[in-house]
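Trainee: Structure supplied as target.txt; contents: compact mmCIF, N, CA and C atoms.
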# COMPACT_ATOMS: atom_id res chain seq x y z
N MET A 22 -118.86 168.97 -38.75
CA MET A 22 -118.78 168.32 -40.04
C MET A 22 -117.79 169.09 -40.92
N THR A 23 -116.95 168.35 -41.65
CA THR A 23 -116.00 169.00 -42.55
C THR A 23 -116.47 168.85 -43.98
N ASP A 24 -116.05 169.79 -44.81
CA ASP A 24 -116.39 169.73 -46.23
C ASP A 24 -115.63 168.60 -46.90
N PRO A 25 -116.18 168.02 -47.95
CA PRO A 25 -115.41 167.02 -48.70
C PRO A 25 -114.16 167.67 -49.29
N ALA A 26 -113.10 166.91 -49.33
CA ALA A 26 -111.83 167.42 -49.88
C ALA A 26 -111.92 167.51 -51.40
N PRO A 27 -111.23 168.48 -52.02
CA PRO A 27 -111.14 168.51 -53.47
C PRO A 27 -110.43 167.25 -53.95
N GLY A 28 -110.73 166.85 -55.16
CA GLY A 28 -110.09 165.64 -55.66
C GLY A 28 -110.44 165.34 -57.10
N ALA A 29 -110.31 164.08 -57.43
CA ALA A 29 -110.53 163.63 -58.80
C ALA A 29 -111.08 162.22 -58.79
N VAL A 30 -111.79 161.90 -59.87
CA VAL A 30 -112.22 160.54 -60.14
C VAL A 30 -111.44 160.09 -61.37
N ILE A 31 -110.78 158.95 -61.26
CA ILE A 31 -109.98 158.41 -62.35
C ILE A 31 -110.52 157.03 -62.71
N PHE A 32 -110.84 156.84 -63.97
CA PHE A 32 -111.32 155.54 -64.43
C PHE A 32 -110.13 154.69 -64.84
N ALA A 33 -110.18 153.39 -64.52
CA ALA A 33 -109.03 152.53 -64.74
C ALA A 33 -109.45 151.13 -65.17
N SER A 34 -108.60 150.50 -65.97
CA SER A 34 -108.83 149.10 -66.32
C SER A 34 -108.47 148.21 -65.14
N ASP A 35 -107.54 148.65 -64.29
CA ASP A 35 -107.13 147.91 -63.10
C ASP A 35 -107.14 148.87 -61.91
N PRO A 36 -108.31 149.05 -61.28
CA PRO A 36 -108.44 150.04 -60.21
C PRO A 36 -107.47 149.82 -59.04
N ALA A 37 -107.23 148.57 -58.66
CA ALA A 37 -106.34 148.31 -57.53
C ALA A 37 -104.92 148.77 -57.84
N ARG A 38 -104.43 148.47 -59.04
CA ARG A 38 -103.07 148.86 -59.42
C ARG A 38 -102.94 150.37 -59.50
N LEU A 39 -103.92 151.03 -60.13
CA LEU A 39 -103.84 152.48 -60.27
C LEU A 39 -103.95 153.16 -58.90
N ALA A 40 -104.82 152.64 -58.03
CA ALA A 40 -104.95 153.21 -56.69
C ALA A 40 -103.64 153.05 -55.92
N SER A 41 -102.98 151.92 -56.07
CA SER A 41 -101.71 151.69 -55.39
C SER A 41 -100.66 152.69 -55.87
N PHE A 42 -100.62 152.98 -57.17
CA PHE A 42 -99.70 153.97 -57.73
C PHE A 42 -99.90 155.32 -57.06
N TYR A 43 -101.14 155.82 -57.05
CA TYR A 43 -101.42 157.14 -56.48
C TYR A 43 -101.25 157.16 -54.97
N ALA A 44 -101.65 156.11 -54.28
CA ALA A 44 -101.50 156.06 -52.82
C ALA A 44 -100.04 156.16 -52.43
N ASP A 45 -99.19 155.41 -53.11
CA ASP A 45 -97.77 155.40 -52.78
C ASP A 45 -97.10 156.71 -53.18
N LEU A 46 -97.31 157.16 -54.38
CA LEU A 46 -96.63 158.35 -54.88
C LEU A 46 -97.07 159.62 -54.16
N LEU A 47 -98.35 159.70 -53.78
CA LEU A 47 -98.89 160.92 -53.15
C LEU A 47 -99.05 160.78 -51.65
N THR A 48 -98.67 159.65 -51.08
CA THR A 48 -98.80 159.36 -49.66
C THR A 48 -100.26 159.52 -49.20
N LEU A 49 -101.14 158.81 -49.88
CA LEU A 49 -102.57 158.82 -49.55
C LEU A 49 -102.94 157.51 -48.85
N THR A 50 -104.01 157.55 -48.09
CA THR A 50 -104.51 156.38 -47.37
C THR A 50 -105.76 155.85 -48.05
N THR A 51 -105.86 154.54 -48.15
CA THR A 51 -107.08 153.93 -48.68
C THR A 51 -108.14 154.00 -47.59
N VAL A 52 -109.26 154.67 -47.89
CA VAL A 52 -110.33 154.82 -46.91
C VAL A 52 -111.55 153.97 -47.27
N TYR A 53 -111.58 153.44 -48.48
CA TYR A 53 -112.70 152.59 -48.90
C TYR A 53 -112.22 151.75 -50.07
N ARG A 54 -112.62 150.47 -50.10
CA ARG A 54 -112.19 149.59 -51.19
C ARG A 54 -113.30 148.58 -51.50
N GLU A 55 -113.60 148.48 -52.78
CA GLU A 55 -114.44 147.42 -53.34
C GLU A 55 -113.68 146.91 -54.56
N ALA A 56 -114.16 145.87 -55.20
CA ALA A 56 -113.48 145.32 -56.38
C ALA A 56 -113.37 146.35 -57.50
N ASP A 57 -114.38 147.20 -57.64
CA ASP A 57 -114.39 148.15 -58.75
C ASP A 57 -114.26 149.61 -58.32
N LYS A 58 -113.87 149.84 -57.05
CA LYS A 58 -113.79 151.22 -56.55
C LYS A 58 -112.81 151.29 -55.38
N VAL A 59 -111.91 152.29 -55.43
CA VAL A 59 -110.99 152.54 -54.33
C VAL A 59 -111.00 154.05 -54.07
N VAL A 60 -111.18 154.42 -52.81
CA VAL A 60 -111.15 155.84 -52.43
C VAL A 60 -109.91 156.08 -51.59
N LEU A 61 -109.12 157.08 -52.02
CA LEU A 61 -107.89 157.46 -51.34
C LEU A 61 -108.06 158.86 -50.76
N SER A 62 -107.40 159.13 -49.64
CA SER A 62 -107.55 160.44 -49.01
C SER A 62 -106.28 160.80 -48.26
N GLY A 63 -106.04 162.12 -48.15
CA GLY A 63 -104.93 162.62 -47.36
C GLY A 63 -104.59 164.05 -47.71
N GLU A 64 -104.12 164.82 -46.73
CA GLU A 64 -103.66 166.20 -46.94
C GLU A 64 -104.62 167.04 -47.79
N GLY A 65 -105.91 166.95 -47.52
CA GLY A 65 -106.89 167.78 -48.22
C GLY A 65 -107.17 167.37 -49.65
N LEU A 66 -106.89 166.12 -49.99
CA LEU A 66 -107.08 165.62 -51.34
C LEU A 66 -107.75 164.25 -51.29
N ALA A 67 -108.71 164.03 -52.18
CA ALA A 67 -109.36 162.73 -52.29
C ALA A 67 -109.31 162.27 -53.74
N ILE A 68 -108.95 161.02 -53.96
CA ILE A 68 -108.95 160.44 -55.30
C ILE A 68 -109.78 159.17 -55.25
N THR A 69 -110.73 159.08 -56.16
CA THR A 69 -111.53 157.87 -56.30
C THR A 69 -111.14 157.22 -57.61
N VAL A 70 -110.77 155.95 -57.54
CA VAL A 70 -110.40 155.19 -58.73
C VAL A 70 -111.54 154.19 -58.99
N LEU A 71 -112.16 154.31 -60.17
CA LEU A 71 -113.29 153.46 -60.53
C LEU A 71 -112.93 152.57 -61.71
N ALA A 72 -113.47 151.36 -61.73
CA ALA A 72 -113.27 150.47 -62.86
C ALA A 72 -113.98 151.03 -64.09
N LEU A 73 -113.31 150.94 -65.22
CA LEU A 73 -113.95 151.31 -66.48
C LEU A 73 -115.12 150.36 -66.74
N PRO A 74 -116.19 150.84 -67.33
CA PRO A 74 -117.26 149.93 -67.72
C PRO A 74 -116.69 148.86 -68.67
N PRO A 75 -117.12 147.60 -68.55
CA PRO A 75 -116.59 146.54 -69.41
C PRO A 75 -116.67 146.87 -70.90
N SER A 76 -117.72 147.55 -71.33
CA SER A 76 -117.86 147.89 -72.75
C SER A 76 -116.76 148.83 -73.22
N VAL A 77 -116.22 149.64 -72.33
CA VAL A 77 -115.13 150.55 -72.66
C VAL A 77 -113.80 149.83 -72.52
N ALA A 78 -113.63 149.11 -71.41
CA ALA A 78 -112.36 148.44 -71.12
C ALA A 78 -111.98 147.44 -72.20
N GLN A 79 -112.96 146.75 -72.79
CA GLN A 79 -112.65 145.73 -73.79
C GLN A 79 -112.05 146.32 -75.07
N ASN A 80 -112.25 147.62 -75.29
CA ASN A 80 -111.73 148.27 -76.49
C ASN A 80 -110.39 148.97 -76.27
N LEU A 81 -109.84 148.87 -75.06
CA LEU A 81 -108.57 149.53 -74.75
C LEU A 81 -107.45 148.51 -74.62
N THR A 82 -106.27 148.90 -75.03
CA THR A 82 -105.09 148.09 -74.80
C THR A 82 -104.03 148.98 -74.17
N PHE A 83 -103.31 148.42 -73.24
CA PHE A 83 -102.28 149.18 -72.54
C PHE A 83 -100.94 148.50 -72.76
N ALA A 84 -99.96 149.30 -73.17
CA ALA A 84 -98.61 148.79 -73.41
C ALA A 84 -97.85 148.74 -72.09
N SER A 85 -96.78 147.98 -72.08
CA SER A 85 -95.90 147.95 -70.93
C SER A 85 -94.47 148.16 -71.42
N PRO A 86 -93.84 149.28 -71.09
CA PRO A 86 -94.34 150.35 -70.23
C PRO A 86 -95.49 151.10 -70.90
N PRO A 87 -96.28 151.81 -70.08
CA PRO A 87 -97.45 152.49 -70.63
C PRO A 87 -97.10 153.54 -71.67
N ARG A 88 -97.95 153.65 -72.66
CA ARG A 88 -97.83 154.70 -73.66
C ARG A 88 -98.61 155.91 -73.16
N ARG A 89 -97.95 157.07 -73.18
CA ARG A 89 -98.61 158.28 -72.68
C ARG A 89 -99.83 158.62 -73.50
N ARG A 90 -100.90 158.92 -72.79
CA ARG A 90 -102.13 159.35 -73.46
C ARG A 90 -102.25 160.86 -73.24
N ASP A 91 -101.53 161.62 -74.06
CA ASP A 91 -101.44 163.06 -73.84
C ASP A 91 -102.38 163.88 -74.72
N ARG A 92 -103.28 163.22 -75.42
CA ARG A 92 -104.24 163.96 -76.26
C ARG A 92 -105.64 163.93 -75.64
N LEU A 93 -105.68 163.99 -74.33
CA LEU A 93 -106.94 164.03 -73.61
C LEU A 93 -107.29 165.49 -73.28
N PRO A 94 -108.56 165.80 -73.10
CA PRO A 94 -108.94 167.19 -72.86
C PRO A 94 -108.66 167.70 -71.45
N MET A 95 -108.15 166.82 -70.55
CA MET A 95 -107.88 167.25 -69.18
C MET A 95 -106.58 166.62 -68.70
N LYS A 96 -105.94 167.29 -67.74
CA LYS A 96 -104.76 166.75 -67.08
C LYS A 96 -104.89 167.06 -65.59
N LEU A 97 -104.67 166.07 -64.76
CA LEU A 97 -104.71 166.27 -63.32
C LEU A 97 -103.47 167.03 -62.87
N ILE A 98 -103.61 167.81 -61.81
CA ILE A 98 -102.48 168.44 -61.12
C ILE A 98 -102.52 167.87 -59.71
N LEU A 99 -101.43 167.18 -59.32
CA LEU A 99 -101.41 166.54 -58.02
C LEU A 99 -100.14 166.90 -57.26
N PRO A 100 -100.27 167.08 -55.93
CA PRO A 100 -99.12 167.49 -55.12
C PRO A 100 -98.23 166.31 -54.74
N VAL A 101 -96.93 166.55 -54.76
CA VAL A 101 -95.95 165.60 -54.22
C VAL A 101 -95.00 166.38 -53.32
N ALA A 102 -94.41 165.71 -52.37
CA ALA A 102 -93.46 166.38 -51.48
C ALA A 102 -92.20 166.74 -52.23
N SER A 103 -91.80 165.90 -53.21
CA SER A 103 -90.55 166.11 -53.93
C SER A 103 -90.67 165.55 -55.34
N LEU A 104 -90.38 166.38 -56.35
CA LEU A 104 -90.37 165.89 -57.73
C LEU A 104 -89.26 164.87 -57.94
N ALA A 105 -88.12 165.09 -57.31
CA ALA A 105 -87.00 164.15 -57.44
C ALA A 105 -87.38 162.77 -56.91
N LEU A 106 -88.03 162.74 -55.76
CA LEU A 106 -88.46 161.46 -55.19
C LEU A 106 -89.55 160.83 -56.06
N ALA A 107 -90.48 161.64 -56.55
CA ALA A 107 -91.53 161.12 -57.44
C ALA A 107 -90.91 160.54 -58.71
N ARG A 108 -89.87 161.17 -59.22
CA ARG A 108 -89.19 160.70 -60.43
C ARG A 108 -88.55 159.32 -60.18
N GLU A 109 -88.05 159.10 -58.97
CA GLU A 109 -87.47 157.80 -58.61
C GLU A 109 -88.55 156.74 -58.42
N ARG A 110 -89.63 157.11 -57.75
CA ARG A 110 -90.67 156.15 -57.36
C ARG A 110 -91.62 155.78 -58.50
N ALA A 111 -91.96 156.73 -59.37
CA ALA A 111 -92.97 156.49 -60.42
C ALA A 111 -92.67 155.26 -61.27
N PRO A 112 -91.45 155.06 -61.78
CA PRO A 112 -91.19 153.88 -62.60
C PRO A 112 -91.33 152.57 -61.81
N LEU A 113 -91.00 152.60 -60.54
CA LEU A 113 -91.12 151.40 -59.70
C LEU A 113 -92.58 151.02 -59.49
N LEU A 114 -93.47 152.02 -59.65
CA LEU A 114 -94.90 151.80 -59.46
C LEU A 114 -95.65 151.63 -60.77
N GLY A 115 -94.93 151.59 -61.89
CA GLY A 115 -95.55 151.35 -63.18
C GLY A 115 -95.79 152.58 -64.03
N GLY A 116 -95.41 153.76 -63.54
CA GLY A 116 -95.59 155.00 -64.29
C GLY A 116 -94.26 155.59 -64.69
N GLY A 117 -94.20 156.91 -64.78
CA GLY A 117 -92.97 157.57 -65.14
C GLY A 117 -93.07 159.07 -64.99
N MET A 118 -91.93 159.73 -65.16
CA MET A 118 -91.86 161.19 -65.06
C MET A 118 -90.95 161.70 -66.16
N ASP A 119 -91.21 162.92 -66.60
CA ASP A 119 -90.32 163.59 -67.54
C ASP A 119 -89.00 163.92 -66.81
N PRO A 120 -87.93 164.17 -67.56
CA PRO A 120 -86.65 164.48 -66.91
C PRO A 120 -86.70 165.81 -66.16
N ALA A 121 -85.76 165.97 -65.24
CA ALA A 121 -85.68 167.20 -64.44
C ALA A 121 -85.55 168.44 -65.32
N SER A 122 -84.97 168.29 -66.50
CA SER A 122 -84.83 169.44 -67.41
C SER A 122 -86.18 169.96 -67.91
N SER A 123 -87.25 169.18 -67.71
CA SER A 123 -88.60 169.60 -68.12
C SER A 123 -89.34 170.35 -67.02
N GLU A 124 -88.77 170.42 -65.84
CA GLU A 124 -89.44 171.10 -64.72
C GLU A 124 -89.55 172.60 -65.00
N TRP A 125 -90.61 173.18 -64.45
CA TRP A 125 -90.78 174.63 -64.54
C TRP A 125 -91.33 175.12 -63.21
N GLN A 126 -91.21 176.41 -62.97
CA GLN A 126 -91.55 176.98 -61.68
C GLN A 126 -92.45 178.19 -61.85
N ALA A 127 -93.39 178.33 -60.94
CA ALA A 127 -94.27 179.51 -60.92
C ALA A 127 -94.72 179.72 -59.48
N GLY A 128 -94.67 180.94 -59.03
CA GLY A 128 -95.15 181.23 -57.68
C GLY A 128 -94.48 180.36 -56.64
N ASN A 129 -95.28 179.59 -55.92
CA ASN A 129 -94.76 178.80 -54.81
C ASN A 129 -94.67 177.30 -55.12
N PHE A 130 -94.54 176.94 -56.41
CA PHE A 130 -94.41 175.53 -56.76
C PHE A 130 -93.47 175.31 -57.94
N ARG A 131 -92.98 174.08 -58.03
CA ARG A 131 -92.22 173.61 -59.19
C ARG A 131 -93.04 172.45 -59.75
N ALA A 132 -93.13 172.34 -61.08
CA ALA A 132 -94.00 171.35 -61.71
C ALA A 132 -93.25 170.52 -62.75
N CYS A 133 -93.75 169.31 -62.96
CA CYS A 133 -93.23 168.45 -64.01
C CYS A 133 -94.30 167.42 -64.35
N ASP A 134 -94.42 167.09 -65.64
CA ASP A 134 -95.39 166.09 -66.06
C ASP A 134 -94.84 164.69 -65.86
N GLY A 135 -95.75 163.78 -65.65
CA GLY A 135 -95.45 162.37 -65.55
C GLY A 135 -96.67 161.60 -66.04
N PHE A 136 -96.68 160.30 -65.82
CA PHE A 136 -97.83 159.50 -66.24
C PHE A 136 -98.01 158.32 -65.30
N ASP A 137 -99.25 157.86 -65.20
CA ASP A 137 -99.57 156.73 -64.32
C ASP A 137 -99.45 155.41 -65.09
N PRO A 138 -99.70 154.27 -64.45
CA PRO A 138 -99.54 152.98 -65.12
C PRO A 138 -100.45 152.75 -66.32
N GLU A 139 -101.49 153.55 -66.49
CA GLU A 139 -102.36 153.40 -67.65
C GLU A 139 -102.10 154.48 -68.70
N GLY A 140 -101.04 155.27 -68.50
CA GLY A 140 -100.63 156.26 -69.49
C GLY A 140 -101.28 157.63 -69.33
N ASN A 141 -102.11 157.82 -68.31
CA ASN A 141 -102.73 159.13 -68.09
C ASN A 141 -101.65 160.13 -67.69
N VAL A 142 -101.57 161.25 -68.40
CA VAL A 142 -100.58 162.27 -68.09
C VAL A 142 -101.06 163.08 -66.89
N VAL A 143 -100.15 163.30 -65.95
CA VAL A 143 -100.43 164.02 -64.71
C VAL A 143 -99.34 165.07 -64.52
N GLN A 144 -99.72 166.26 -64.08
CA GLN A 144 -98.72 167.25 -63.70
C GLN A 144 -98.53 167.13 -62.19
N PHE A 145 -97.30 166.84 -61.79
CA PHE A 145 -96.99 166.76 -60.37
C PHE A 145 -96.34 168.08 -59.96
N ARG A 146 -96.71 168.56 -58.75
CA ARG A 146 -96.18 169.83 -58.25
C ARG A 146 -95.64 169.65 -56.85
N GLU A 147 -94.44 170.21 -56.63
CA GLU A 147 -93.86 170.22 -55.29
C GLU A 147 -93.89 171.65 -54.78
N PRO A 148 -94.13 171.84 -53.48
CA PRO A 148 -94.15 173.20 -52.91
C PRO A 148 -92.74 173.76 -52.80
N LEU A 149 -92.64 175.09 -52.97
CA LEU A 149 -91.36 175.78 -52.82
C LEU A 149 -91.31 176.61 -51.54
N GLY A 150 -92.39 176.67 -50.82
CA GLY A 150 -92.46 177.49 -49.62
C GLY A 150 -93.58 178.48 -49.71
N LYS A 151 -93.77 179.19 -48.65
CA LYS A 151 -94.87 180.17 -48.58
C LYS A 151 -94.54 181.44 -49.35
N MET A 152 -95.54 181.98 -50.00
CA MET A 152 -95.40 183.28 -50.68
C MET A 152 -95.49 184.36 -49.61
N PRO A 153 -94.72 185.46 -49.75
CA PRO A 153 -94.78 186.55 -48.75
C PRO A 153 -96.12 187.26 -48.80
Please go through the file and, once you have read it, give me the structure as structure tokens.

Mentor:
Amino acid sequence: MTDPAPGAVIFASDPARLASFYADLLTLTTVYREADKVVLSGEGLAITVLALPPSVAQNLTFASPPRRRDRLPMKLILPVASLALARERAPLLGGGMDPASSEWQAGNFRACDGFDPEGNVVQFREPLGKMP
């Protein structure tokens, strides 16, 4: 038996759309799907996308393109193979990324913020190689 992978639960007004964004950008596989729940998995990471309760969803509006919701108390950190590729793909999937000039580096990764189709700010990180 293996341990459950680390991950996140993300609430969404459109779970299918948000799951598609993360599956494509992070190269994750859909392992479970219901109308109000999608579970994605791959490379030691699991993301569950759940529908917002109707009482919450009815009070939210989402702009197109999405308006960044950067005043939340948490931000996800998610791995990508390449920030440059993520920067190209994110807008095609309904989200976006900050410019390359916003990237920063620490240890064995380079990071840059972006956002998903519902405006949730996410820090994407690409590996730089193994630390000695």

Trainee: Counting all atoms listed in the file, which of A:Gly63, A:Arg110, A:Leu71, A:Asn80 gets nearest to Asp45 of chain A?

Mentor: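 Looking at the shortest contact to Asp45 of chain A, the residue is A:Arg110.
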
Trainee: Enclose the full set of atoms of segment 57-61 of chain A listed in the file within a box whose edges lie along x, y and z, apply 6 Å of padding to each of the six sides, and report centre and edge lengths in Å to one decimal as lines of an AutoDock Vina configuration file.

Mentor:
center_x = -111.1
center_y = 153.0
center_z = -54.8
size_x = 18.5
size_y = 23.7
size_z = 20.0

Trainee: Pull the neighbourhood of (-105.2, 166.3, -49.9) for me: all residues within 9 Å in file coordinates, counting only C-alpha atoms, as an MDAnalysis selection string.

Mentor: chainID A and resid 26:28 47 49 62:68 99:100

Trainee: Just want the 5 Å neighbourhood of Lys58 of chain A, counted on all atoms listed in the file, with same-chain residues fewer than 4 positions away dropped. Output as a list in words.

Mentor: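 My reading of the contact set: Arg54, Val70, Leu71 and Ala72 of chain A.
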
Trainee: Please report, as a PyMOL selection string, each residue of segment 42-151 of chain A to which DSSP assigns alpha helix (DSSP H) when run on this structure's backbone.

Mentor: chain A and resi 42-47+75-78+104-113

Trainee: Using only C-alpha atoms, which protein or nucleic acid residues come within 12 Å of Trp125 of chain A? Drop anything in the same chain fewer than 3 positions from it, and give the result as an MDAnalysis selection string.

Mentor: chainID A and resid 104 119:122 128:134 144:147 149

Trainee: When you look at Leu46 of chain A with a cut-off of 8 Å (counting all atoms listed in the file), what residues show up, excluding the ones that are within fewer than 6 positions of it in the same chain? I need them as a list in words.

Mentor: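 The residues that qualify are Ala40, Pro100, Val101, Ala102, Leu106, Ala107, Arg110, Ala111 and Leu114 of chain A.
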
Trainee: Could you pull out all residues of chain A with a DSSP call of strand (DSSP E or B) and give them as JSON, numbers by chain?

Mentor: {"A": [28, 29, 30, 31, 32, 33, 50, 51, 52, 53, 54, 55, 58, 59, 60, 61, 62, 63, 66, 67, 68, 69, 70, 71, 72, 90, 97, 98, 99, 100, 117, 118, 125, 126, 127, 130, 131, 132, 133, 134, 135, 136, 141, 142, 143, 144, 145, 146, 147, 148]}

Trainee: Nearest to Leu93 of chain A: which of A:Val52, A:Val142, A:Gly150, A:Asp24 is it, counting all atoms listed in the file?

Mentor: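 Of the candidates, the smallest distance to Leu93 of chain A is held by A:Val142.
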